[in-house]
$ cat my_file-v7.pdb   # PDB, C-alpha atoms
ATOM      1  CA  MET A   8      18.162  -2.916  -3.339  1.00  0.00           C
ATOM      2  CA  ILE A   9      14.460  -3.683  -3.796  1.00  0.00           C
ATOM      3  CA  GLN A  10      14.551  -6.188  -0.941  1.00  0.00           C
ATOM      4  CA  ALA A  11      16.227  -3.627   1.308  1.00  0.00           C
ATOM      5  CA  LEU A  12      13.475  -1.123   0.492  1.00  0.00           C
ATOM      6  CA  LYS A  13      10.786  -3.691   1.329  1.00  0.00           C
ATOM      7  CA  GLU A  14      12.488  -4.488   4.620  1.00  0.00           C
ATOM      8  CA  ALA A  15      12.781  -0.801   5.466  1.00  0.00           C
ATOM      9  CA  VAL A  16       9.088  -0.035   5.010  1.00  0.00           C
ATOM     10  CA  LEU A  17       8.012  -3.216   6.772  1.00  0.00           C
ATOM     11  CA  GLY A  18      10.447  -2.833   9.690  1.00  0.00           C
ATOM     12  CA  LYS A  19       9.796  -1.075  12.987  1.00  0.00           C
ATOM     13  CA  GLY A  20       7.280   1.724  13.035  1.00  0.00           C
ATOM     14  CA  TYR A  21       4.209   3.252  14.640  1.00  0.00           C
ATOM     15  CA  ALA A  22       1.672   1.209  12.710  1.00  0.00           C
ATOM     16  CA  ASP A  23       1.173  -2.429  13.629  1.00  0.00           C
ATOM     17  CA  SER A  24       3.691  -4.537  11.672  1.00  0.00           C
ATOM     18  CA  ALA A  25       1.059  -7.131  10.719  1.00  0.00           C
ATOM     19  CA  LEU A  26      -1.159  -4.380   9.332  1.00  0.00           C
ATOM     20  CA  ARG A  27       1.745  -2.913   7.344  1.00  0.00           C
ATOM     21  CA  LYS A  28       2.444  -6.357   5.851  1.00  0.00           C
ATOM     22  CA  ASP A  29      -1.264  -6.786   5.041  1.00  0.00           C
ATOM     23  CA  VAL A  30      -1.324  -3.405   3.305  1.00  0.00           C
ATOM     24  CA  TYR A  31       1.798  -4.242   1.294  1.00  0.00           C
ATOM     25  CA  GLN A  32       0.415  -7.616   0.202  1.00  0.00           C
ATOM     26  CA  LYS A  33      -3.032  -6.177  -0.506  1.00  0.00           C
ATOM     27  CA  VAL A  34      -1.699  -3.429  -2.758  1.00  0.00           C
ATOM     28  CA  ALA A  35       0.637  -5.794  -4.609  1.00  0.00           C
ATOM     29  CA  HIS A  36      -2.115  -8.377  -5.089  1.00  0.00           C
ATOM     30  CA  GLN A  37      -4.602  -5.724  -6.185  1.00  0.00           C
ATOM     31  CA  ILE A  38      -2.217  -4.439  -8.862  1.00  0.00           C
ATOM     32  CA  LEU A  39      -1.395  -7.916 -10.138  1.00  0.00           C
ATOM     33  CA  SER A  40      -4.900  -9.382 -10.110  1.00  0.00           C
ATOM     34  CA  GLY A  41      -7.384  -6.540  -9.727  1.00  0.00           C
ATOM     35  CA  ASP A  42      -8.743  -8.323  -6.645  1.00  0.00           C
ATOM     36  CA  THR A  43     -10.402  -5.924  -4.209  1.00  0.00           C
ATOM     37  CA  THR A  44     -10.959  -8.362  -1.330  1.00  0.00           C
ATOM     38  CA  PRO A  45     -11.169  -6.158   1.753  1.00  0.00           C
ATOM     39  CA  ILE A  46      -8.803  -6.036   4.677  1.00  0.00           C
ATOM     40  CA  THR A  47      -9.812  -4.647   8.029  1.00  0.00           C
ATOM     41  CA  PRO A  48     -10.547  -2.010   9.132  1.00  0.00           C
ATOM     42  CA  THR A  49     -12.906  -1.146   6.278  1.00  0.00           C
ATOM     43  CA  THR A  50     -12.030   2.553   6.166  1.00  0.00           C
ATOM     44  CA  LEU A  51      -8.490   1.505   5.374  1.00  0.00           C
ATOM     45  CA  ASN A  52      -9.767  -0.579   2.423  1.00  0.00           C
ATOM     46  CA  THR A  53     -11.138   2.459   0.647  1.00  0.00           C
ATOM     47  CA  TYR A  54      -7.945   4.390   1.291  1.00  0.00           C
ATOM     48  CA  ILE A  55      -5.664   1.543   0.137  1.00  0.00           C
ATOM     49  CA  GLU A  56      -7.717   0.930  -2.997  1.00  0.00           C
ATOM     50  CA  LYS A  57      -7.543   4.620  -3.863  1.00  0.00           C
ATOM     51  CA  LEU A  58      -3.817   4.703  -3.062  1.00  0.00           C
ATOM     52  CA  SER A  59      -3.053   1.752  -5.327  1.00  0.00           C
ATOM     53  CA  LYS A  60      -5.199   2.855  -8.274  1.00  0.00           C
ATOM     54  CA  GLN A  61      -5.642   6.638  -8.176  1.00  0.00           C
ATOM     55  CA  ALA A  62      -3.421   8.156  -5.486  1.00  0.00           C
ATOM     56  CA  TYR A  63      -3.922  11.626  -6.942  1.00  0.00           C
ATOM     57  CA  LYS A  64      -7.552  11.472  -5.790  1.00  0.00           C
ATOM     58  CA  ILE A  65      -6.679  11.201  -2.091  1.00  0.00           C
ATOM     59  CA  VAL A  66      -8.009  14.256  -0.270  1.00  0.00           C
ATOM     60  CA  ASP A  67      -8.073  15.546   3.303  1.00  0.00           C
ATOM     61  CA  ARG A  68     -11.425  13.834   3.863  1.00  0.00           C
ATOM     62  CA  ASP A  69      -9.770  10.435   3.305  1.00  0.00           C
ATOM     63  CA  ILE A  70      -7.142  11.190   5.940  1.00  0.00           C
ATOM     64  CA  ASP A  71      -9.779  12.540   8.331  1.00  0.00           C
ATOM     65  CA  GLN A  72     -11.777   9.314   8.005  1.00  0.00           C
ATOM     66  CA  LEU A  73      -8.709   7.299   8.992  1.00  0.00           C
ATOM     67  CA  LYS A  74      -8.128   9.608  11.955  1.00  0.00           C
ATOM     68  CA  ASP A  75     -11.768   9.115  12.968  1.00  0.00           C
ATOM     69  CA  GLU A  76     -11.112   5.354  12.926  1.00  0.00           C
ATOM     70  CA  GLY A  77      -8.325   5.883  15.446  1.00  0.00           C
ATOM     71  CA  PHE A  78      -5.240   5.997  13.217  1.00  0.00           C
ATOM     72  CA  SER A  79      -2.583   8.530  14.201  1.00  0.00           C
ATOM     73  CA  GLU A  80      -0.927  10.761  11.609  1.00  0.00           C
ATOM     74  CA  ASP A  81       2.267   8.718  11.992  1.00  0.00           C
ATOM     75  CA  GLU A  82       0.387   5.482  11.294  1.00  0.00           C
ATOM     76  CA  ILE A  83      -1.365   6.993   8.279  1.00  0.00           C
ATOM     77  CA  PHE A  84       1.963   8.244   6.935  1.00  0.00           C
ATOM     78  CA  GLU A  85       3.584   4.824   7.366  1.00  0.00           C
ATOM     79  CA  LEU A  86       0.672   2.969   5.767  1.00  0.00           C
ATOM     80  CA  THR A  87       0.755   5.430   2.868  1.00  0.00           C
ATOM     81  CA  ILE A  88       4.487   4.837   2.374  1.00  0.00           C
ATOM     82  CA  VAL A  89       3.988   1.073   2.584  1.00  0.00           C
ATOM     83  CA  GLY A  90       1.167   1.172   0.035  1.00  0.00           C
ATOM     84  CA  ALA A  91       3.009   3.491  -2.334  1.00  0.00           C
ATOM     85  CA  THR A  92       6.172   1.397  -2.092  1.00  0.00           C
ATOM     86  CA  ALA A  93       4.217  -1.783  -2.768  1.00  0.00           C
ATOM     87  CA  ALA A  94       2.574  -0.182  -5.796  1.00  0.00           C
ATOM     88  CA  GLY A  95       5.867   1.091  -7.191  1.00  0.00           C
ATOM     89  CA  ILE A  96       7.827  -2.116  -6.659  1.00  0.00           C
ATOM     90  CA  THR A  97       5.017  -4.307  -7.981  1.00  0.00           C
ATOM     91  CA  ARG A  98       4.695  -2.209 -11.130  1.00  0.00           C
ATOM     92  CA  LEU A  99       8.479  -2.194 -11.591  1.00  0.00           C
ATOM     93  CA  GLU A 100       8.709  -5.975 -11.240  1.00  0.00           C
ATOM     94  CA  LYS A 101       5.736  -6.443 -13.570  1.00  0.00           C
ATOM     95  CA  GLY A 102       7.353  -4.158 -16.163  1.00  0.00           C
ATOM     96  CA  LEU A 103      10.720  -5.902 -15.923  1.00  0.00           C
ATOM     97  CA  GLN A 104       9.006  -9.254 -16.343  1.00  0.00           C
ATOM     98  CA  ALA A 105       7.229  -7.999 -19.450  1.00  0.00           C
ATOM     99  CA  LEU A 106      10.532  -6.832 -20.901  1.00  0.00           C
ATOM    100  CA  GLN A 107      12.112 -10.211 -20.248  1.00  0.00           C
ATOM    101  CA  ASN A 108       9.195 -11.939 -21.951  1.00  0.00           C
ATOM    102  CA  CYS A 109       9.739  -9.786 -25.065  1.00  0.00           C
ATOM    103  CA  GLN A 110      13.309 -10.948 -25.519  1.00  0.00           C
TER
END
$ encode --input "my_file-v7.pdb" --output "structure tokens"
Amino acid sequence: MIQALKEAVLGKGYADSALRKDVYQKVAHQILSGDTTPITPTTLNTYIEKLSKQAYKIVDRDIDQLKDEGFSEDEIFELTIVGATAAGITRLEKGLQALQNCQ
């Protein structure tokens, strides 16, 4: 089921598929290692970092900055879903691994 979810968010869409994969990998890596190595475009870095660490702090200004960089609302929505899915799945897998290590 988790693999099907990954495939669904990384499948066809409005946002460039390579960028969606980069966002997914970036968020997962950031959660696992704390690494904040940027991806391009830079405005997206700030948004993705906020999404993976403190999504509740995302405000209209963050979305407007992405729009100013040329992202459509559909692309922003997809990249948000990709990032949120990556964060959720990575945390789930990390938690399940911790439980297995306790047994």
$ atom_distance --input "my_file-v7.pdb" --atom1 "atom CA of Thr87 of chain A" --atom2 "atom CA of Gln37 of chain A"
15.3 Å
$ resolve_selection --input "my_file-v7.pdb" --expression "the PyMOL selection byres ((chain A and resi 73) around 10)" --output "PyMOL selection string"
chain A and resi 48-51+53-54+68-72+74-80+82-83
$ closest_residue --input "my_file-v7.pdb" --among "A:Gln61, A:Thr92, A:Gln32, A:Ser40" --to "Ala15 of chain A" --atoms "all atoms listed in the file"
A:Thr92
$ resolve_selection --input "my_file-v7.pdb" --expression "the PyMOL selection byres ((chain A and resi 41-44) around 12)" --output "VMD selection string"
chain A and resid 29 to 30 32 to 40 45 to 47 49 52 to 57 59 to 60
$ residues_around --input "my_file-v7.pdb" --residues "Ile88 of chain A" --least-positions-apart "4" --cutoff "10 Å" --atoms "only C-alpha atoms" --output "VMD selection string"
chain A and resid 16 to 17 27 31 58 82 to 84 92 to 94
$ residues_around --input "my_file-v7.pdb" --residues "Ile9 of chain A" --least-positions-apart "3" --cutoff "10 Å" --atoms "all atoms listed in the file" --output "ChimeraX atom specification"
/A:12-15,92,96,99-100
$ closest_residue --input "my_file-v7.pdb" --among "A:Gly102, A:Asp23, A:Met8, A:Gly18" --to "Asp81 of chain A" --atoms "all atoms listed in the file"
A:Asp23
$ closest_residue --input "my_file-v7.pdb" --among "A:Val66, A:Cys109, A:Leu103, A:Val89" --to "Gly20 of chain A" --atoms "only C-alpha atoms"
A:Val89
$ atom_distance --input "my_file-v7.pdb" --atom1 "atom CA of Gly95 of chain A" --atom2 "atom CA of Tyr63 of chain A"
14.4 Å
$ atom_distance --input "my_file-v7.pdb" --atom1 "atom CA of Gly90 of chain A" --atom2 "atom CA of Gln104 of chain A"
20.9 Å
$ axis_aligned_box --input "my_file-v7.pdb" --around "segment 89-108 of chain A" --padding-each-side "5 Å" --output "AutoDock Vina command-line options"
--center_x 6.6 --center_y -4.2 --center_z -9.7 --size_x 20.9 --size_y 25.4 --size_z 34.5
$ build_atoms --input "my_file-v7.pdb" --residues "segment 79-90 of chain A" --atoms "N, CA and C atoms" --output "short mmCIF file (atom, residue, chain, number, x, y, z; two decimals), in the coordinates of the input"
data_model
loop_
_atom_site.label_atom_id
_atom_site.label_comp_id
_atom_site.auth_asym_id
_atom_site.auth_seq_id
_atom_site.Cartn_x
_atom_site.Cartn_y
_atom_site.Cartn_z
N SER A 79 -3.34 7.29 13.98
CA SER A 79 -2.58 8.53 14.20
C SER A 79 -2.01 9.01 12.87
N GLU A 80 -1.55 10.24 12.83
CA GLU A 80 -0.93 10.76 11.61
C GLU A 80 0.32 9.96 11.25
N ASP A 81 1.08 9.54 12.26
CA ASP A 81 2.27 8.72 11.99
C ASP A 81 1.89 7.38 11.36
N GLU A 82 0.83 6.76 11.86
CA GLU A 82 0.39 5.48 11.29
C GLU A 82 -0.10 5.67 9.85
N ILE A 83 -0.86 6.72 9.63
CA ILE A 83 -1.36 6.99 8.28
C ILE A 83 -0.20 7.23 7.33
N PHE A 84 0.78 7.99 7.76
CA PHE A 84 1.96 8.24 6.94
C PHE A 84 2.67 6.93 6.60
N GLU A 85 2.90 6.10 7.61
CA GLU A 85 3.58 4.82 7.37
C GLU A 85 2.79 3.93 6.42
N LEU A 86 1.49 3.82 6.64
CA LEU A 86 0.67 2.97 5.77
C LEU A 86 0.64 3.51 4.34
N THR A 87 0.69 4.82 4.20
CA THR A 87 0.76 5.43 2.87
C THR A 87 2.07 5.08 2.19
N ILE A 88 3.18 5.18 2.93
CA ILE A 88 4.49 4.84 2.37
C ILE A 88 4.54 3.36 2.01
N VAL A 89 4.01 2.52 2.87
CA VAL A 89 3.99 1.07 2.58
C VAL A 89 3.19 0.80 1.31
N GLY A 90 2.01 1.39 1.21
CA GLY A 90 1.17 1.17 0.04
C GLY A 90 1.80 1.71 -1.24
#
